[in-house]
Structures are given as C-alpha cells and as structure tokens.
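A.B. asks: Structure provided below as structure tokens; questions to follow.
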Amino acid sequence: MANAHVGHGAHDHAPGEHDAGHHIIEPPTYYKVFGILMILLIVTLAAAAIDLGPLNLPIAMLIAIVKAGVVMAYFMHLKFNSALVRLFAFAGVAWLMILFHLTLNDYVSRPWLQTPGQ
Amino acid sequence: MVSDAHAHGAGHHGHGLVQHQFDDMPQQRESFTLGMWLFLATEIMMFGGLFFAYSFYRWKLPGAFNEGASHLVQLWGTGNTFVLLFSSLTMAMAVHAAAIKNKQKLVMWLGITFVLGLVFLGVKAIEWGTDYQEGLIPGVRWNYYDHHHEAAQHLAEQNIGVHDVMMFFVVYFCMTGLHAIHMIIGLGLVAYFMFLGGKGHFTNGNDQPVEILGLYWHLVDIIWIFLFPLLYLIPGLNLFKGGH
C-alpha cells in the first residue's frame, strides 16, 4: 500500500491544489486583458488614420500580432500550458511563415531577372 | 497495485471522468489540449493559404486593393471587431464558470457569447446584402462600374482594371466567407454546449470540453483580428464613409 503511494508520487500534488497543469485564471485578469485589447483596437484605428506610406501595413500587422499574442497567452491559457502545447501552437505559425517566405521569395524576385520566360 | 492506483485516481478526480486510456486527469487534460492545438494548427494553415493569396494579390495589385477596400464600411468592421473581442471575454468567463462549477453562470456566459456571435453574423449579412445591391459580388452580381461611370473613369485614369478590383472582392469574400462558416459552426457548438451545460454536464468536474470550445472560439477571433486591418483599413481611416 505504502509502496503504491510512493510509486504514485510523480503525479502527486499539494493538498487542496486542483489537477496539476490546470491553472484557473481569475476574472479580474480577463477584464484587464479585454481592456488591453480595447486599447489596441483604438491604436489600430489611430495608426490607420495617419498616412505613413509603406509603413502602415507593417505597423497594423504588428498591432494585430500583439492582440493575437494577448488572446493566446491569457484567453487561450498558453501562458499556463506546458512547453509541448506551446510548441504545437508555435509550429502552426512557423510553417505558415515558411509558406510565406519561400513562395513570396519566388514571386517577388521573378521580375528582377530580365530574361525570357521569367 | 495497478487497480489500486486506478481506484485512487478515480476516487480523487471523480468517478468516470478519466477515460481508460489515460493514467490520470492531468495526463488526459494535456492530451486533449494538445490535440486541440494540433487541430488549430491545421486551421492556421488553411486560413494561411488565403492570407497568402491576399498578400500576393495586394502586392501585385496595390491600387485595385485600395479601391476595393474603399467600398467597405469601416464602422461595420470596427463594430464587429469590438463584438468579437467582447465575445472572447464572455467565452473566457464561461470557461471560468465551468472550472468553478457554476452552472447558472456557465449557461449565462455561453448565452451572451451566442448572442454576440449572432450580432457579428447579422452585421456581416447587412454588409454582404449591400454589396449585392451595389453589384460588388464577383460571379454573382458584378455591375457596380457599369452604373457608376465616374468611378469607372477614375479607375481608368489611374490605370486600374475593373477586373483587378474584382480580385480584391474575390479574396474578401473567400476570407470573410470561410471565417463566417467558422462562426456558424462555433454558434452551433455554443448552443449545444448551453443545452448540455444546462443539464449539468460541464459543472461536475468535467469542465475541459468548455475550455476546448473556448480555444476554437478564440482562434476564430484571432483570424478576424488580422482580417479587419487587412481588408478594411487599406485606404486609411474613414469610419463613416461607406464607399457607395
């Protein structure tokens, strides 16, 4: 019996604590996150109101990435998930970046070659 | 020994909640979360193809994309962004309600999330209805520039083809359409979870399905976070001007 409990020790957790890896975020955190998202929405609109030429797009994307990061970290609990779960989330984005990077490399650089059959 | 450990696990975590292929609740939780994120990664790849198509055509046809986006009403898009961000908050609150085993609050927050999702789709329906009336839907009703000679002339002066503007709307309807399909699926799931939640299904210690549903809902929100500036804000900020 005692041995069974020792063997179980790897999964043991402090008394009163809920399941390991199940972190409950309290509502005040969610309210703050929503407030940050509202501020970022206003920043998005403000950034669009100023004409920065070619800089407008990267700035809008940067703000969107921050918004998405806040949603993923808190609403989607990534901040409190295991490294493996975070790796899976990162992998989806990483593969997408490969798609963008290699394909746009081809399309954008093609007109540089002044050769027939470009 | 093994059966003893299982009896211990079942007693500790509530009877029947840990499925037989898992050792204990933390392992089951981790597996479910991981599986959902794998699915979300495939979703990112599916939308990613559309985001790439957007990037390519915007790079190729910058003037046409500017013209196309100027037909969208930014106030609708801004309002819908607010509605979706707010619905992510209410969904997070539903997940919390399930975790603290509060059945009434779970059903209430899911209900508010459902209504906000409906509002989003209602606004989208109004926008698409206007596009139909104006003749801005490629392949269905595309005659805006036949009826607006000044706009057509303006395009010709800038050396922008009407078909290039059409390309913006093809991308616009594919992206917002796929997003709306995801919203409709999400609404169906939220309604189903309200029904099950009302019967006490997720407040008996088995709260994780609500968390998984939340992950889906938040991803659909994130997709919109990117769609909004990419589709609506190309010509700069002009909240109250509809392009018609």
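For the structure tokens, the naming scheme is as follows: chains receive sequential letters (A, B, ...) according to their order of presentation, residues are indexed from 1 within each chain, and ligands are indexed from 1 in presentation order.
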List the spatial neighbours of region 33-43 of chain A as a PDB file with N, CA and C atoms, in the first residue's frame - criterion: any atom at most 12 Å away, only C-alpha atoms, same-chain residues fewer than 3 positions off excluded.

C.D. replies:
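Result saved to part_2.pdb:
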```pdb
ATOM      1  N   ILE A  25      -7.579  30.861 -14.277  1.00  0.00           N
ATOM      2  CA  ILE A  25      -7.335  32.297 -14.304  1.00  0.00           C
ATOM      3  C   ILE A  25      -8.568  32.991 -13.747  1.00  0.00           C
ATOM      4  N   GLU A  26      -8.363  33.940 -12.850  1.00  0.00           N
ATOM      5  CA  GLU A  26      -9.498  34.618 -12.219  1.00  0.00           C
ATOM      6  C   GLU A  26     -10.019  35.759 -13.111  1.00  0.00           C
ATOM      7  N   PRO A  27     -11.329  36.062 -13.021  1.00  0.00           N
ATOM      8  CA  PRO A  27     -11.953  37.069 -13.891  1.00  0.00           C
ATOM      9  C   PRO A  27     -11.235  38.420 -13.966  1.00  0.00           C
ATOM     10  N   PRO A  28     -10.697  38.984 -12.863  1.00  0.00           N
ATOM     11  CA  PRO A  28     -10.048  40.301 -12.999  1.00  0.00           C
ATOM     12  C   PRO A  28      -8.956  40.304 -14.068  1.00  0.00           C
ATOM     13  N   THR A  29      -8.233  39.187 -14.201  1.00  0.00           N
ATOM     14  CA  THR A  29      -7.207  39.091 -15.251  1.00  0.00           C
ATOM     15  C   THR A  29      -7.867  39.206 -16.624  1.00  0.00           C
ATOM     16  N   TYR A  30      -9.005  38.514 -16.794  1.00  0.00           N
ATOM     17  CA  TYR A  30      -9.703  38.562 -18.080  1.00  0.00           C
ATOM     18  C   TYR A  30     -10.182  39.986 -18.392  1.00  0.00           C
ATOM     19  N   ALA A  46      -6.148  54.428 -34.837  1.00  0.00           N
ATOM     20  CA  ALA A  46      -5.322  55.635 -34.838  1.00  0.00           C
ATOM     21  C   ALA A  46      -4.175  55.494 -35.830  1.00  0.00           C
ATOM     22  N   ALA A  47      -3.564  54.282 -35.864  1.00  0.00           N
ATOM     23  CA  ALA A  47      -2.437  54.064 -36.775  1.00  0.00           C
ATOM     24  C   ALA A  47      -2.890  54.149 -38.226  1.00  0.00           C
ATOM     25  N   ALA A  48      -4.150  53.721 -38.478  1.00  0.00           N
ATOM     26  CA  ALA A  48      -4.657  53.773 -39.851  1.00  0.00           C
ATOM     27  C   ALA A  48      -4.977  55.203 -40.262  1.00  0.00           C
ATOM     28  N   ALA A  49      -5.248  56.067 -39.254  1.00  0.00           N
ATOM     29  CA  ALA A  49      -5.624  57.455 -39.557  1.00  0.00           C
ATOM     30  C   ALA A  49      -4.425  58.267 -40.019  1.00  0.00           C
ATOM     31  N   ILE A  50      -3.212  57.818 -39.662  1.00  0.00           N
ATOM     32  CA  ILE A  50      -2.006  58.542 -40.054  1.00  0.00           C
ATOM     33  C   ILE A  50      -1.427  57.890 -41.303  1.00  0.00           C
ATOM     34  N   ILE A  59       2.961  48.217 -39.455  1.00  0.00           N
ATOM     35  CA  ILE A  59       2.516  48.674 -38.128  1.00  0.00           C
ATOM     36  C   ILE A  59       1.185  48.016 -37.768  1.00  0.00           C
ATOM     37  N   ALA A  60       0.241  47.982 -38.753  1.00  0.00           N
ATOM     38  CA  ALA A  60      -1.058  47.345 -38.495  1.00  0.00           C
ATOM     39  C   ALA A  60      -0.868  45.873 -38.147  1.00  0.00           C
ATOM     40  N   MET A  61       0.050  45.212 -38.843  1.00  0.00           N
ATOM     41  CA  MET A  61       0.292  43.786 -38.580  1.00  0.00           C
ATOM     42  C   MET A  61       0.937  43.586 -37.209  1.00  0.00           C
ATOM     43  N   LEU A  62       1.841  44.497 -36.855  1.00  0.00           N
ATOM     44  CA  LEU A  62       2.495  44.403 -35.545  1.00  0.00           C
ATOM     45  C   LEU A  62       1.457  44.497 -34.420  1.00  0.00           C
ATOM     46  N   ILE A  63       0.529  45.458 -34.552  1.00  0.00           N
ATOM     47  CA  ILE A  63      -0.515  45.607 -33.531  1.00  0.00           C
ATOM     48  C   ILE A  63      -1.388  44.350 -33.490  1.00  0.00           C
ATOM     49  N   ALA A  64      -1.723  43.809 -34.682  1.00  0.00           N
ATOM     50  CA  ALA A  64      -2.557  42.602 -34.732  1.00  0.00           C
ATOM     51  C   ALA A  64      -1.846  41.429 -34.065  1.00  0.00           C
ATOM     52  N   ILE A  65      -0.518  41.332 -34.276  1.00  0.00           N
ATOM     53  CA  ILE A  65       0.249  40.238 -33.666  1.00  0.00           C
ATOM     54  C   ILE A  65       0.236  40.374 -32.140  1.00  0.00           C
ATOM     55  N   VAL A  66       0.366  41.607 -31.636  1.00  0.00           N
ATOM     56  CA  VAL A  66       0.310  41.822 -30.188  1.00  0.00           C
ATOM     57  C   VAL A  66      -1.066  41.412 -29.652  1.00  0.00           C
ATOM     58  N   LYS A  67      -2.135  41.842 -30.367  1.00  0.00           N
ATOM     59  CA  LYS A  67      -3.503  41.454 -29.964  1.00  0.00           C
ATOM     60  C   LYS A  67      -3.633  39.937 -29.909  1.00  0.00           C
ATOM     61  N   ALA A  68      -3.204  39.274 -30.990  1.00  0.00           N
ATOM     62  CA  ALA A  68      -3.319  37.815 -31.057  1.00  0.00           C
ATOM     63  C   ALA A  68      -2.502  37.171 -29.941  1.00  0.00           C
ATOM     64  N   GLY A  69      -1.323  37.738 -29.653  1.00  0.00           N
ATOM     65  CA  GLY A  69      -0.479  37.195 -28.593  1.00  0.00           C
ATOM     66  C   GLY A  69      -1.148  37.279 -27.237  1.00  0.00           C
ATOM     67  N   VAL A  70      -1.805  38.406 -26.971  1.00  0.00           N
ATOM     68  CA  VAL A  70      -2.505  38.580 -25.693  1.00  0.00           C
ATOM     69  C   VAL A  70      -3.658  37.577 -25.590  1.00  0.00           C
ATOM     70  N   VAL A  71      -4.421  37.410 -26.685  1.00  0.00           N
ATOM     71  CA  VAL A  71      -5.530  36.448 -26.680  1.00  0.00           C
ATOM     72  C   VAL A  71      -4.996  35.037 -26.430  1.00  0.00           C
ATOM     73  N   MET A  72      -3.887  34.682 -27.113  1.00  0.00           N
ATOM     74  CA  MET A  72      -3.345  33.325 -26.982  1.00  0.00           C
ATOM     75  C   MET A  72      -2.788  33.088 -25.566  1.00  0.00           C
ATOM     76  N   ALA A  73      -2.093  34.073 -25.025  1.00  0.00           N
ATOM     77  CA  ALA A  73      -1.449  33.890 -23.725  1.00  0.00           C
ATOM     78  C   ALA A  73      -2.477  33.750 -22.606  1.00  0.00           C
ATOM     79  N   TYR A  74      -3.518  34.578 -22.617  1.00  0.00           N
ATOM     80  CA  TYR A  74      -4.448  34.596 -21.478  1.00  0.00           C
ATOM     81  C   TYR A  74      -5.771  33.896 -21.768  1.00  0.00           C
ATOM     82  N   PHE A  75      -6.501  34.355 -22.830  1.00  0.00           N
ATOM     83  CA  PHE A  75      -7.787  33.715 -23.119  1.00  0.00           C
ATOM     84  C   PHE A  75      -7.594  32.238 -23.472  1.00  0.00           C
ATOM     85  N   MET A  76      -6.506  31.929 -24.197  1.00  0.00           N
ATOM     86  CA  MET A  76      -6.283  30.543 -24.618  1.00  0.00           C
ATOM     87  C   MET A  76      -5.320  29.812 -23.675  1.00  0.00           C
TER      88      MET A  76
ATOM     89  N   GLY B  77     -17.026  47.177 -39.767  1.00  0.00           N
ATOM     90  CA  GLY B  77     -15.880  46.328 -39.448  1.00  0.00           C
ATOM     91  C   GLY B  77     -15.355  46.579 -38.042  1.00  0.00           C
ATOM     92  N   THR B  78     -15.312  47.869 -37.656  1.00  0.00           N
ATOM     93  CA  THR B  78     -14.842  48.223 -36.308  1.00  0.00           C
ATOM     94  C   THR B  78     -15.809  47.673 -35.260  1.00  0.00           C
ATOM     95  N   GLY B  79     -17.115  47.866 -35.505  1.00  0.00           N
ATOM     96  CA  GLY B  79     -18.131  47.368 -34.577  1.00  0.00           C
ATOM     97  C   GLY B  79     -18.025  45.861 -34.407  1.00  0.00           C
ATOM     98  N   ASN B  80     -17.829  45.163 -35.520  1.00  0.00           N
ATOM     99  CA  ASN B  80     -17.724  43.703 -35.454  1.00  0.00           C
ATOM    100  C   ASN B  80     -16.454  43.252 -34.738  1.00  0.00           C
ATOM    101  N   THR B  81     -15.370  44.031 -34.891  1.00  0.00           N
ATOM    102  CA  THR B  81     -14.143  43.699 -34.157  1.00  0.00           C
ATOM    103  C   THR B  81     -14.397  43.806 -32.661  1.00  0.00           C
ATOM    104  N   PHE B  82     -15.086  44.887 -32.264  1.00  0.00           N
ATOM    105  CA  PHE B  82     -15.444  45.043 -30.851  1.00  0.00           C
ATOM    106  C   PHE B  82     -16.306  43.874 -30.385  1.00  0.00           C
ATOM    107  N   VAL B  83     -17.318  43.524 -31.172  1.00  0.00           N
ATOM    108  CA  VAL B  83     -18.243  42.448 -30.787  1.00  0.00           C
ATOM    109  C   VAL B  83     -17.491  41.124 -30.597  1.00  0.00           C
ATOM    110  N   LEU B  84     -16.569  40.811 -31.518  1.00  0.00           N
ATOM    111  CA  LEU B  84     -15.839  39.541 -31.414  1.00  0.00           C
ATOM    112  C   LEU B  84     -14.867  39.530 -30.238  1.00  0.00           C
ATOM    113  N   LEU B  85     -14.168  40.653 -30.022  1.00  0.00           N
ATOM    114  CA  LEU B  85     -13.257  40.719 -28.871  1.00  0.00           C
ATOM    115  C   LEU B  85     -14.041  40.564 -27.579  1.00  0.00           C
ATOM    116  N   PHE B  86     -15.209  41.203 -27.531  1.00  0.00           N
ATOM    117  CA  PHE B  86     -16.067  41.107 -26.351  1.00  0.00           C
ATOM    118  C   PHE B  86     -16.540  39.658 -26.162  1.00  0.00           C
ATOM    119  N   SER B  87     -16.873  38.995 -27.272  1.00  0.00           N
ATOM    120  CA  SER B  87     -17.346  37.608 -27.166  1.00  0.00           C
ATOM    121  C   SER B  87     -16.228  36.689 -26.684  1.00  0.00           C
ATOM    122  N   SER B  88     -14.973  37.044 -26.981  1.00  0.00           N
ATOM    123  CA  SER B  88     -13.860  36.253 -26.448  1.00  0.00           C
ATOM    124  C   SER B  88     -13.784  36.387 -24.928  1.00  0.00           C
ATOM    125  N   LEU B  89     -14.071  37.604 -24.445  1.00  0.00           N
ATOM    126  CA  LEU B  89     -14.113  37.801 -22.990  1.00  0.00           C
ATOM    127  C   LEU B  89     -15.213  36.951 -22.375  1.00  0.00           C
ATOM    128  N   THR B  90     -16.422  36.995 -22.959  1.00  0.00           N
ATOM    129  CA  THR B  90     -17.537  36.245 -22.371  1.00  0.00           C
ATOM    130  C   THR B  90     -17.286  34.737 -22.472  1.00  0.00           C
ATOM    131  N   MET B  91     -16.606  34.301 -23.549  1.00  0.00           N
ATOM    132  CA  MET B  91     -16.259  32.875 -23.651  1.00  0.00           C
ATOM    133  C   MET B  91     -15.260  32.485 -22.564  1.00  0.00           C
ATOM    134  N   ALA B  92     -14.274  33.367 -22.322  1.00  0.00           N
ATOM    135  CA  ALA B  92     -13.303  33.094 -21.252  1.00  0.00           C
ATOM    136  C   ALA B  92     -14.020  33.007 -19.903  1.00  0.00           C
ATOM    137  N   MET B  93     -15.039  33.861 -19.713  1.00  0.00           N
ATOM    138  CA  MET B  93     -15.809  33.827 -18.468  1.00  0.00           C
ATOM    139  C   MET B  93     -16.610  32.521 -18.353  1.00  0.00           C
ATOM    140  N   ASP B 221     -11.643  34.317 -33.425  1.00  0.00           N
ATOM    141  CA  ASP B 221     -11.474  35.732 -33.078  1.00  0.00           C
ATOM    142  C   ASP B 221     -10.127  36.255 -33.599  1.00  0.00           C
ATOM    143  N   ILE B 222      -9.064  35.474 -33.387  1.00  0.00           N
ATOM    144  CA  ILE B 222      -7.726  35.893 -33.820  1.00  0.00           C
ATOM    145  C   ILE B 222      -7.683  36.075 -35.339  1.00  0.00           C
ATOM    146  N   ILE B 225      -9.024  39.337 -36.051  1.00  0.00           N
ATOM    147  CA  ILE B 225      -8.100  40.400 -35.639  1.00  0.00           C
ATOM    148  C   ILE B 225      -7.172  40.759 -36.806  1.00  0.00           C
ATOM    149  N   PHE B 226      -6.784  39.746 -37.604  1.00  0.00           N
ATOM    150  CA  PHE B 226      -5.922  40.019 -38.760  1.00  0.00           C
ATOM    151  C   PHE B 226      -6.735  40.483 -39.965  1.00  0.00           C
ATOM    152  N   PHE B 228      -9.478  42.237 -40.107  1.00  0.00           N
ATOM    153  CA  PHE B 228     -10.024  43.598 -40.026  1.00  0.00           C
ATOM    154  C   PHE B 228      -9.076  44.661 -40.604  1.00  0.00           C
ATOM    155  N   PRO B 229      -7.835  44.793 -40.118  1.00  0.00           N
ATOM    156  CA  PRO B 229      -6.969  45.823 -40.724  1.00  0.00           C
ATOM    157  C   PRO B 229      -6.607  45.502 -42.173  1.00  0.00           C
ATOM    158  N   LEU B 237      -7.968  55.633 -42.371  1.00  0.00           N
ATOM    159  CA  LEU B 237      -9.169  55.634 -41.553  1.00  0.00           C
ATOM    160  C   LEU B 237     -10.221  56.607 -42.094  1.00  0.00           C
TER     161      LEU B 237
END
```

A.B. asks: Counting only C-alpha atoms, which of A:Pro58, A:Leu45, A:Gln114, A:Asp106 gets nearest to chain B?

C.D. replies: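 Distance minimum relative to chain B lands on A:Leu45.
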
A.B. asks: As number ranges by chain, please: every residue in region 48-216 of chain B that a backbone DSSP assignment puts in strand (DSSP E).

C.D. replies: B: 136-137, 141-142

A.B. asks: Write the residues of the selection above to a file with C-alpha atoms, as a PDB file, in the first residue's frame.

C.D. replies:
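In the end it all went to selection-v7.pdb:
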```pdb
ATOM      1  CA  LEU B 136     -19.914  44.149 -55.926  1.00  0.00           C
ATOM      2  CA  ILE B 137     -20.090  40.356 -55.743  1.00  0.00           C
ATOM      3  CA  ARG B 141     -23.698  40.331 -59.321  1.00  0.00           C
ATOM      4  CA  TRP B 142     -20.827  42.438 -60.624  1.00  0.00           C
TER       5      TRP B 142
END
```

A.B. asks: Please determine, counting only C-alpha atoms, which residue among B:Gly129, B:Leu233, B:Lys241, B:Phe32 has the shortest atom-to-atom distance to chain A.

C.D. replies: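 Among the listed residues, B:Leu233 lies closest to chain A.
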
A.B. asks: Have a look at CA of Gly68 (chain B) and CA of Phe169 (chain B) and let me know their distance in Å, one decimal.

C.D. replies: 6.8 Å

A.B. asks: Counting only C-alpha atoms, what is within 8 Å of Arg29 (chain B), bar same-chain residues fewer than 4 positions away, as a list in words?

C.D. replies: His22 of chain A; Met25, Thr33 and Gln208 of chain B

A.B. asks: Could those selected residues go to a file with N, CA and C atoms, as a short mmCIF file (atom, residue, chain, number, x, y, z; two decimals), in the first residue's frame?

C.D. replies:
```
data_model
loop_
_atom_site.label_atom_id
_atom_site.label_comp_id
_atom_site.auth_asym_id
_atom_site.auth_seq_id
_atom_site.Cartn_x
_atom_site.Cartn_y
_atom_site.Cartn_z
N HIS A 22 -3.68 22.40 -14.45
CA HIS A 22 -4.96 23.05 -14.67
C HIS A 22 -5.00 24.33 -13.85
N MET B 25 -6.07 12.40 -14.54
CA MET B 25 -6.69 13.60 -15.09
C MET B 25 -5.67 14.54 -15.74
N THR B 33 -5.78 19.00 -24.67
CA THR B 33 -5.32 20.34 -25.05
C THR B 33 -4.40 20.25 -26.26
N GLN B 208 -13.39 20.49 -19.03
CA GLN B 208 -12.46 20.73 -20.12
C GLN B 208 -13.10 20.91 -21.50
#
```

A.B. asks: Nearest residue to Leu102 (chain A) out of B:Leu215, B:Phe52, B:Ala125, B:Glu157, using only C-alpha atoms?

C.D. replies: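 That would be B:Phe52, the residue with the smallest distance to Leu102 (chain A).
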
A.B. asks: Residues of region 79-200 of chain B classed as helix (DSSP H, G or I) by DSSP on the backbone are to be reported as a ChimeraX atom specification.

C.D. replies: /B:79-99,103-134,144-147,149-157,162-198

A.B. asks: Would you mind listing what lies within 8 Å of Met175 (chain B) as a ChimeraX atom specification, with only C-alpha atoms counted and same-chain residues fewer than 3 positions away left out?

C.D. replies: /B:47,50-51,171-172,178-179,227

A.B. asks: Select, from B:Leu196, B:Ala98, B:Leu75, B:Leu34, the residue with the minimum atom-to-atom distance to chain A, counting only C-alpha atoms.

C.D. replies: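 So, comparing all the options, the nearest one is B:Leu34.
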
A.B. asks: When you draw a straight line from CA of Ile100 (chain B) to CA of Asn206 (chain B), how long is it in Å?

C.D. replies: 10.8 Å

A.B. asks: Could you check which of B:Ala64, B:Val95, B:Met183, B:Leu189 is closest to chain A, using only C-alpha atoms?

C.D. replies: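 Looking at the shortest contact to chain A, the residue is B:Val95.
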
A.B. asks: So what do you get for CA of Pro209 (chain B) versus CA of Leu78 (chain A), distance-wise?

C.D. replies: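 Answer for the CA of Pro209 (chain B) to CA of Leu78 (chain A) separation: 16.5 Å.
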
A.B. asks: Of the candidates A:Arg110, A:Leu55, A:Thr115, A:Ala89, which shows the shortest atom-to-atom distance to chain B, using only C-alpha atoms?

C.D. replies: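 The closest residue to chain B is A:Ala89.
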